[in-house]
Every structure is written in C-alpha cells, then in structure tokens.
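Engineer: What follows is run-v4.cif, mmCIF, C-alpha atoms, pLDDT in the B column; chains and numbers go by the auth columns.
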```cif
data_protein
loop_
_atom_site.group_PDB
_atom_site.id
_atom_site.type_symbol
_atom_site.label_atom_id
_atom_site.label_comp_id
_atom_site.label_asym_id
_atom_site.label_seq_id
_atom_site.Cartn_x
_atom_site.Cartn_y
_atom_site.Cartn_z
_atom_site.B_iso_or_equiv
_atom_site.auth_seq_id
_atom_site.auth_asym_id
ATOM 1 C CA MET A 1 49.892 155.873 87.178 77.00 1 U
ATOM 2 C CA LYS A 2 53.142 155.467 85.337 79.00 2 U
ATOM 3 C CA GLU A 3 53.024 151.761 86.076 84.00 3 U
ATOM 4 C CA LYS A 4 49.504 151.516 84.689 83.00 4 U
ATOM 5 C CA PHE A 5 50.560 153.478 81.642 84.00 5 U
ATOM 6 C CA SER A 6 53.608 151.276 81.197 87.00 6 U
ATOM 7 C CA ALA A 7 51.515 148.117 81.580 88.00 7 U
ATOM 8 C CA GLN A 8 49.014 149.379 79.017 90.00 8 U
ATOM 9 C CA GLN A 9 51.800 150.258 76.598 90.00 9 U
ATOM 10 C CA LYS A 10 53.231 146.775 77.062 91.00 10 U
ATOM 11 C CA LYS A 11 49.807 145.235 76.300 92.00 11 U
ATOM 12 C CA ILE A 12 49.442 147.496 73.263 93.00 12 U
ATOM 13 C CA ALA A 13 52.875 146.455 72.010 93.00 13 U
ATOM 14 C CA GLU A 14 51.996 142.780 72.503 93.00 14 U
ATOM 15 C CA LEU A 15 48.696 143.236 70.678 94.00 15 U
ATOM 16 C CA GLU A 16 50.447 145.090 67.846 94.00 16 U
ATOM 17 C CA ALA A 17 53.022 142.299 67.585 94.00 17 U
ATOM 18 C CA ARG A 18 50.300 139.611 67.476 94.00 18 U
ATOM 19 C CA LEU A 19 48.338 141.637 64.955 95.00 19 U
ATOM 20 C CA ALA A 20 51.434 142.102 62.778 95.00 20 U
ATOM 21 C CA PHE A 21 52.124 138.356 62.962 95.00 21 U
ATOM 22 C CA LYS A 22 48.527 137.527 61.975 95.00 22 U
ATOM 23 C CA LEU A 23 48.662 140.100 59.192 95.00 23 U
ATOM 24 C CA GLU A 24 51.859 138.533 57.773 96.00 24 U
ATOM 25 C CA LYS A 25 50.320 135.069 58.069 95.00 25 U
ATOM 26 C CA ALA A 26 47.185 136.223 56.218 95.00 26 U
ATOM 27 C CA LYS A 27 49.307 137.868 53.492 95.00 27 U
ATOM 28 C CA SER A 28 51.315 134.663 53.101 95.00 28 U
ATOM 29 C CA GLU A 29 48.159 132.550 52.808 96.00 29 U
ATOM 30 C CA ALA A 30 46.691 135.008 50.300 96.00 30 U
ATOM 31 C CA GLU A 31 49.851 134.827 48.170 96.00 31 U
ATOM 32 C CA LYS A 32 49.740 131.005 48.249 96.00 32 U
ATOM 33 C CA ALA A 33 46.063 131.002 47.267 96.00 33 U
ATOM 34 C CA LYS A 34 46.753 133.460 44.444 96.00 34 U
ATOM 35 C CA ALA A 35 49.629 131.300 43.163 95.00 35 U
ATOM 36 C CA GLU A 36 47.383 128.197 43.241 96.00 36 U
ATOM 37 C CA ASP A 37 44.605 130.090 41.455 96.00 37 U
ATOM 38 C CA ASP A 38 47.044 131.320 38.814 95.00 38 U
ATOM 39 C CA THR A 39 48.216 127.744 38.254 96.00 39 U
ATOM 40 C CA ILE A 40 44.637 126.524 37.890 96.00 40 U
ATOM 41 C CA VAL A 41 43.872 129.326 35.411 96.00 41 U
ATOM 42 C CA VAL A 42 46.930 128.396 33.335 96.00 42 U
ATOM 43 C CA ILE A 43 45.866 124.739 33.285 96.00 43 U
ATOM 44 C CA TYR A 44 42.281 125.575 32.313 96.00 44 U
ATOM 45 C CA ARG A 45 43.458 127.893 29.550 96.00 45 U
ATOM 46 C CA ALA A 46 45.789 125.229 28.187 96.00 46 U
ATOM 47 C CA ASN A 47 42.978 122.662 28.288 96.00 47 U
ATOM 48 C CA ALA A 48 40.593 125.074 26.562 96.00 48 U
ATOM 49 C CA GLU A 49 43.147 125.789 23.828 96.00 49 U
ATOM 50 C CA ALA A 50 43.771 122.070 23.347 96.00 50 U
ATOM 51 C CA ALA A 51 40.021 121.446 23.109 97.00 51 U
ATOM 52 C CA GLN A 52 39.713 124.190 20.486 96.00 52 U
ATOM 53 C CA VAL A 53 42.536 122.666 18.450 96.00 53 U
ATOM 54 C CA GLN A 54 40.935 119.219 18.665 97.00 54 U
ATOM 55 C CA ALA A 55 37.556 120.623 17.649 96.00 55 U
ATOM 56 C CA ARG A 56 39.125 122.446 14.697 96.00 56 U
ATOM 57 C CA GLU A 57 40.960 119.286 13.598 96.00 57 U
ATOM 58 C CA ALA A 58 37.787 117.218 13.951 96.00 58 U
ATOM 59 C CA ALA A 59 35.866 119.727 11.835 96.00 59 U
ATOM 60 C CA GLU A 60 38.564 119.672 9.166 95.00 60 U
ATOM 61 C CA THR A 61 38.586 115.875 9.183 94.00 61 U
ATOM 62 C CA ALA A 62 34.804 115.755 8.909 94.00 62 U
ATOM 63 C CA GLN A 63 34.869 118.248 6.056 95.00 63 U
ATOM 64 C CA THR A 64 37.528 116.268 4.202 94.00 64 U
ATOM 65 C CA ARG A 65 35.636 113.029 4.780 93.00 65 U
ATOM 66 C CA ALA A 66 32.390 114.610 3.510 94.00 66 U
ATOM 67 C CA TYR A 67 34.210 115.741 0.376 94.00 67 U
ATOM 68 C CA TRP A 68 35.497 112.237 -0.323 93.00 68 U
ATOM 69 C CA ILE A 69 32.099 110.685 0.361 94.00 69 U
ATOM 70 C CA ALA A 70 30.629 113.028 -2.265 94.00 70 U
ATOM 71 C CA GLU A 71 33.439 112.116 -4.649 93.00 71 U
ATOM 72 C CA LEU A 72 32.788 108.411 -4.013 92.00 72 U
ATOM 73 C CA ALA A 73 29.107 108.839 -4.904 93.00 73 U
ATOM 74 C CA LYS A 74 30.113 110.659 -8.082 93.00 74 U
ATOM 75 C CA TYR A 75 32.570 107.915 -9.071 91.00 75 U
ATOM 76 C CA GLN A 76 30.059 105.154 -8.321 92.00 76 U
ATOM 77 C CA SER A 77 27.465 106.881 -10.472 93.00 77 U
ATOM 78 C CA ARG A 78 29.961 107.318 -13.298 90.00 78 U
ATOM 79 C CA ARG A 79 31.032 103.681 -13.124 90.00 79 U
ATOM 80 C CA LYS A 80 27.444 102.434 -13.165 92.00 80 U
ATOM 81 C CA THR A 81 26.675 104.632 -16.165 91.00 81 U
ATOM 82 C CA LEU A 82 29.749 103.319 -17.987 89.00 82 U
ATOM 83 C CA GLU A 83 28.758 99.729 -17.174 89.00 83 U
ATOM 84 C CA LYS A 84 25.268 100.323 -18.574 89.00 84 U
ATOM 85 C CA ILE A 85 26.744 101.760 -21.766 87.00 85 U
ATOM 86 C CA HIS A 86 29.206 98.829 -21.946 83.00 86 U
ATOM 87 C CA ALA A 87 26.301 96.397 -21.575 87.00 87 U
ATOM 88 C CA ARG A 88 24.803 97.889 -24.746 84.00 88 U
ATOM 89 C CA GLY A 89 27.828 96.771 -26.711 84.00 89 U
ATOM 90 C CA PHE A 90 30.225 99.708 -26.499 81.00 90 U
ATOM 91 C CA ASP A 91 33.819 98.917 -25.544 82.00 91 U
ATOM 92 C CA LEU A 92 34.360 100.949 -22.369 81.00 92 U
ATOM 93 C CA ALA A 93 36.415 98.396 -20.432 84.00 93 U
ATOM 94 C CA ASP A 94 39.343 100.775 -19.861 86.00 94 U
ATOM 95 C CA GLU A 95 37.071 103.586 -18.710 86.00 95 U
ATOM 96 C CA ILE A 96 35.253 101.216 -16.328 85.00 96 U
ATOM 97 C CA ILE A 97 38.572 100.046 -14.849 89.00 97 U
ATOM 98 C CA LYS A 98 39.667 103.668 -14.355 88.00 98 U
ATOM 99 C CA ALA A 99 36.302 104.493 -12.798 88.00 99 U
ATOM 100 C CA LYS A 100 36.652 101.539 -10.397 89.00 100 U
ATOM 101 C CA GLU A 101 40.149 102.686 -9.435 90.00 101 U
ATOM 102 C CA CYS A 102 38.908 106.220 -8.758 89.00 102 U
ATOM 103 C CA GLU A 103 35.995 104.796 -6.799 88.00 103 U
ATOM 104 C CA ALA A 104 38.272 102.580 -4.697 90.00 104 U
ATOM 105 C CA GLU A 105 40.590 105.499 -3.978 89.00 105 U
ATOM 106 C CA ALA A 106 37.685 107.756 -2.997 87.00 106 U
ATOM 107 C CA SER A 107 36.253 104.969 -0.855 88.00 107 U
ATOM 108 C CA ALA A 108 39.539 104.600 0.991 88.00 108 U
ATOM 109 C CA LEU A 109 39.790 108.348 1.526 85.00 109 U
ATOM 110 C CA ALA A 110 36.157 108.595 2.621 82.00 110 U
ATOM 111 C CA SER A 111 36.472 105.794 5.152 83.00 111 U
ATOM 112 C CA ASP A 112 37.223 106.554 8.769 69.00 112 U
ATOM 113 C CA ASP A 113 40.995 106.173 9.366 59.00 113 U
ATOM 114 C CA ASP A 114 40.355 104.883 12.902 50.00 114 U
ATOM 115 C CA ASP A 115 38.471 101.801 11.663 48.00 115 U
ATOM 116 C CA ASP A 116 41.112 99.210 10.879 45.00 116 U
ATOM 117 C CA ASP A 117 39.176 96.050 11.717 44.00 117 U
ATOM 118 C CA GLU A 118 37.698 93.612 9.187 42.00 118 U
ATOM 119 C CA GLU A 119 34.156 94.872 9.658 43.00 119 U
ATOM 120 C CA SER A 120 35.083 98.363 8.501 42.00 120 U
ATOM 121 C CA LYS A 121 36.588 97.239 5.189 42.00 121 U
ATOM 122 C CA SER A 122 34.667 98.266 2.113 43.00 122 U
ATOM 123 C CA GLY A 123 33.272 95.547 -0.110 45.00 123 U
ATOM 124 C CA PHE A 124 36.060 96.146 -2.603 43.00 124 U
ATOM 125 C CA GLU A 125 38.763 95.494 0.009 43.00 125 U
ATOM 126 C CA SER A 126 37.067 92.424 1.477 42.00 126 U
ATOM 127 C CA GLY A 127 36.743 90.573 -1.831 43.00 127 U
ATOM 128 C CA GLU A 128 33.413 91.940 -3.021 42.00 128 U
ATOM 129 C CA ASP A 129 32.927 93.723 -6.288 47.00 129 U
ATOM 130 C CA LEU A 130 31.732 97.285 -5.886 44.00 130 U
ATOM 131 C CA ASP A 131 28.241 96.106 -6.887 45.00 131 U
ATOM 132 C CA GLY A 132 28.223 93.698 -3.920 44.00 132 U
ATOM 133 C CA GLU A 133 29.036 90.561 -5.907 42.00 133 U
ATOM 134 C CA GLU A 134 31.734 88.235 -4.595 40.00 134 U
ATOM 135 C CA THR A 135 34.891 87.955 -6.695 42.00 135 U
ATOM 136 C CA THR A 136 37.847 85.663 -6.473 40.00 136 U
ATOM 137 C CA PRO A 137 41.426 86.840 -6.801 40.00 137 U
ATOM 138 C CA GLY A 138 42.450 86.965 -10.458 41.00 138 U
ATOM 139 C CA GLU A 139 38.861 86.832 -11.671 43.00 139 U
ATOM 140 C CA ASN A 140 38.071 89.403 -14.324 43.00 140 U
ATOM 141 C CA GLN A 141 35.948 92.042 -12.657 44.00 141 U
ATOM 142 C CA GLU A 142 34.398 93.230 -15.922 43.00 142 U
ATOM 143 C CA PRO A 143 30.633 92.667 -16.307 40.00 143 U
#
```
Would you encode the structure as structure tokens?

Structural biologist:
Amino acid sequence: MKEKFSAQQKKIAELEARLAFKLEKAKSEAEKAKAEDDTIVVIYRANAEAAQVQAREAAETAQTRAYWIAELAKYQSRRKTLEKIHARGFDLADEIIKAKECEAEASALASDDDDDDEESKSGFESGEDLDGEETTPGENQEP
C-alpha cells in the first residue's frame, strides 16, 4: 500500500511539474503576445496622429488656397474695371499696373505649390497677358 501511495505521489509530483512548466510557458507566450500587441497599438496610434496632422495641414492649405483664389477673382475684376475706364479716356495706367501686380501675386499664391511643370504655369508666367493675349518680352502690356 505504501508503495502504491508512493508511486501515486510520484506521478502527482510529475504531473504538477509538467503542469507548472506548461503554465510558465503559457505565461511567457502571453507576455510576448501582449508586448507585440502593445507595439502594434503604439504604431497605429502614431499613424493615426500623423494622419490627423496631415489632414489638418491639408485643410489649412485648402483654406489658404481658397482665400487666394477669391482674392485673385477680386483683383481680376478690379483690373478689368480699370481697363474699361481707361479705354474711355481716363489715365489709369498706374492703377492698372498695380492691379496686374496684385493679380499676379494672388495667382501665384492661389496656384498649387506642387505643380512646377510648364503646363501648370498661369498665362501671365508663360508669356500670355492676363486677358489671354500673347505678349513679347519688353512689349508694353497696357491696352
């Protein structure tokens, strides 16, 4: 009986040792998984924050661009009005030149900064008058 009891106690001890080993292994794997999950969460949070910053910057850029597009329309309208008055015989050459300068500046600010190729140049930059007429360098741009 003592031998049976001793054999059973030995089996119980072996089972407890195996169970303890498996428990430690499971704890270790759980800690590794938690560390990997924490890393993934940190990466996703960083990516989400970066996306928010980019979205905010894009919105600010779009808002600024919309402002300058509105300013460009205002300057174009003012210049055209001055040119019509000038055509009636009033000397507004200086005002028209200033209006064209303001218009060119607003056009540059309203244009997309990423477009640096020839196709994206405004008519003023590519040798066209702001009314769409071709000009040559040095030619008087007054009507």

Engineer: From the options U:Gln54, U:Thr64, U:Thr39, U:Ser6, which residue's atoms come nearest to U:Ala110, counting all atoms listed in the file?

Structural biologist: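 Once distances to U:Ala110 are computed over all atoms listed in the file, the minimum belongs to U:Thr64.
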
Engineer: List as a list in words the protein and nucleic acid residues near U:Lys98, meaning an atom at most 12 Å away when all atoms listed in the file are counted, but skip any in the same chain fewer than 3 places from it.

Structural biologist: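 Here the answer would be Tyr75, Gln76, Arg78, Arg79, Leu82, Glu83, Leu92, Ala93, Asp94, Glu95, Glu101, Cys102, Glu103, Ala104, Glu105 and Glu142 of chain U.
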
Engineer: Which is closer to U:Tyr67 than all the others in U:Ala30, U:Ala106, U:Lys10, U:Lys4, using only C-alpha atoms?

Structural biologist: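 Smallest distance to U:Tyr67 is found for U:Ala106.
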
Engineer: Please report the interatomic distance between atom CA of U:Ala99 and atom CA of U:Ile85 in Å with one decimal.

Structural biologist: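 Pair atom CA of U:Ala99 / atom CA of U:Ile85 returns 13.4 Å.
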
Engineer: Between atom CA of U:Ala73 and atom CA of U:Leu109, what distance in Å does the model show, to one decimal?

Structural biologist: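 Computed distance, atom CA of U:Ala73 to atom CA of U:Leu109, equals 12.5 Å.
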
Engineer: Which centre and which edge lengths, in Å to one decimal, describe the axis-aligned box that holds all listed atoms of stretch 99-105 of chain U after 5 Å is added on each side, as JSON?

Structural biologist:
```
{"center_x": 38.3, "center_y": 103.9, "center_z": -8.4, "size_x": 14.6, "size_y": 14.7, "size_z": 18.8}
```

Engineer: Extract, using only C-alpha atoms, all DNA, RNA and protein residues at most 12 Å from U:Arg65, discarding same-chain residues fewer than 3 positions from it, and format them as a ChimeraX atom specification.

Structural biologist: /U:58-62,68-72,106-113

Engineer: I'd like the interatomic distance between atom CA of U:Gln63 and atom CA of U:Asn47, to a tenth of an Å.

Structural biologist: 24.1 Å

Engineer: Generate the missing atoms of stretch 86-107 of chain U up to N, CA and C atoms and report them as a CSV table (one decimal), keeping the file's coordinate frame.

Structural biologist:
```csv
chain,number,residue,atom,x,y,z
U,86,HIS,N,28.4,100.0,-21.5
U,86,HIS,CA,29.2,98.8,-21.9
U,86,HIS,C,28.3,97.6,-22.2
U,87,ALA,N,27.2,97.5,-21.4
U,87,ALA,CA,26.3,96.4,-21.6
U,87,ALA,C,25.6,96.5,-22.9
U,88,ARG,N,25.5,97.7,-23.5
U,88,ARG,CA,24.8,97.9,-24.7
U,88,ARG,C,25.7,97.6,-25.9
U,89,GLY,N,26.9,97.2,-25.6
U,89,GLY,CA,27.8,96.8,-26.7
U,89,GLY,C,29.0,97.7,-27.0
U,90,PHE,N,29.1,98.8,-26.3
U,90,PHE,CA,30.2,99.7,-26.5
U,90,PHE,C,31.4,99.2,-25.7
U,91,ASP,N,32.6,99.4,-26.2
U,91,ASP,CA,33.8,98.9,-25.5
U,91,ASP,C,34.3,100.0,-24.6
U,92,LEU,N,33.9,100.0,-23.4
U,92,LEU,CA,34.4,100.9,-22.4
U,92,LEU,C,35.1,100.3,-21.2
U,93,ALA,N,35.7,99.2,-21.5
U,93,ALA,CA,36.4,98.4,-20.4
U,93,ALA,C,37.5,99.2,-19.7
U,94,ASP,N,38.3,100.0,-20.5
U,94,ASP,CA,39.3,100.8,-19.9
U,94,ASP,C,38.8,101.9,-19.0
U,95,GLU,N,37.7,102.5,-19.5
U,95,GLU,CA,37.1,103.6,-18.7
U,95,GLU,C,36.4,103.0,-17.4
U,96,ILE,N,35.9,101.8,-17.5
U,96,ILE,CA,35.3,101.2,-16.3
U,96,ILE,C,36.3,100.9,-15.3
U,97,ILE,N,37.5,100.4,-15.8
U,97,ILE,CA,38.6,100.0,-14.8
U,97,ILE,C,39.1,101.3,-14.2
U,98,LYS,N,39.2,102.4,-14.9
U,98,LYS,CA,39.7,103.7,-14.4
U,98,LYS,C,38.6,104.2,-13.4
U,99,ALA,N,37.4,104.0,-13.7
U,99,ALA,CA,36.3,104.5,-12.8
U,99,ALA,C,36.3,103.7,-11.5
U,100,LYS,N,36.6,102.4,-11.6
U,100,LYS,CA,36.7,101.5,-10.4
U,100,LYS,C,37.9,101.9,-9.5
U,101,GLU,N,39.0,102.2,-10.2
U,101,GLU,CA,40.1,102.7,-9.4
U,101,GLU,C,39.9,104.0,-8.7
U,102,CYS,N,39.3,104.9,-9.4
U,102,CYS,CA,38.9,106.2,-8.8
U,102,CYS,C,37.9,106.0,-7.6
U,103,GLU,N,37.0,105.1,-7.8
U,103,GLU,CA,36.0,104.8,-6.8
U,103,GLU,C,36.7,104.2,-5.6
U,104,ALA,N,37.6,103.2,-5.8
U,104,ALA,CA,38.3,102.6,-4.7
U,104,ALA,C,39.1,103.6,-3.9
U,105,GLU,N,39.8,104.5,-4.6
U,105,GLU,CA,40.6,105.5,-4.0
U,105,GLU,C,39.7,106.4,-3.1
U,106,ALA,N,38.6,106.9,-3.7
U,106,ALA,CA,37.7,107.8,-3.0
U,106,ALA,C,37.1,107.0,-1.8
U,107,SER,N,36.8,105.8,-2.0
U,107,SER,CA,36.3,105.0,-0.9
U,107,SER,C,37.2,104.9,0.3
```
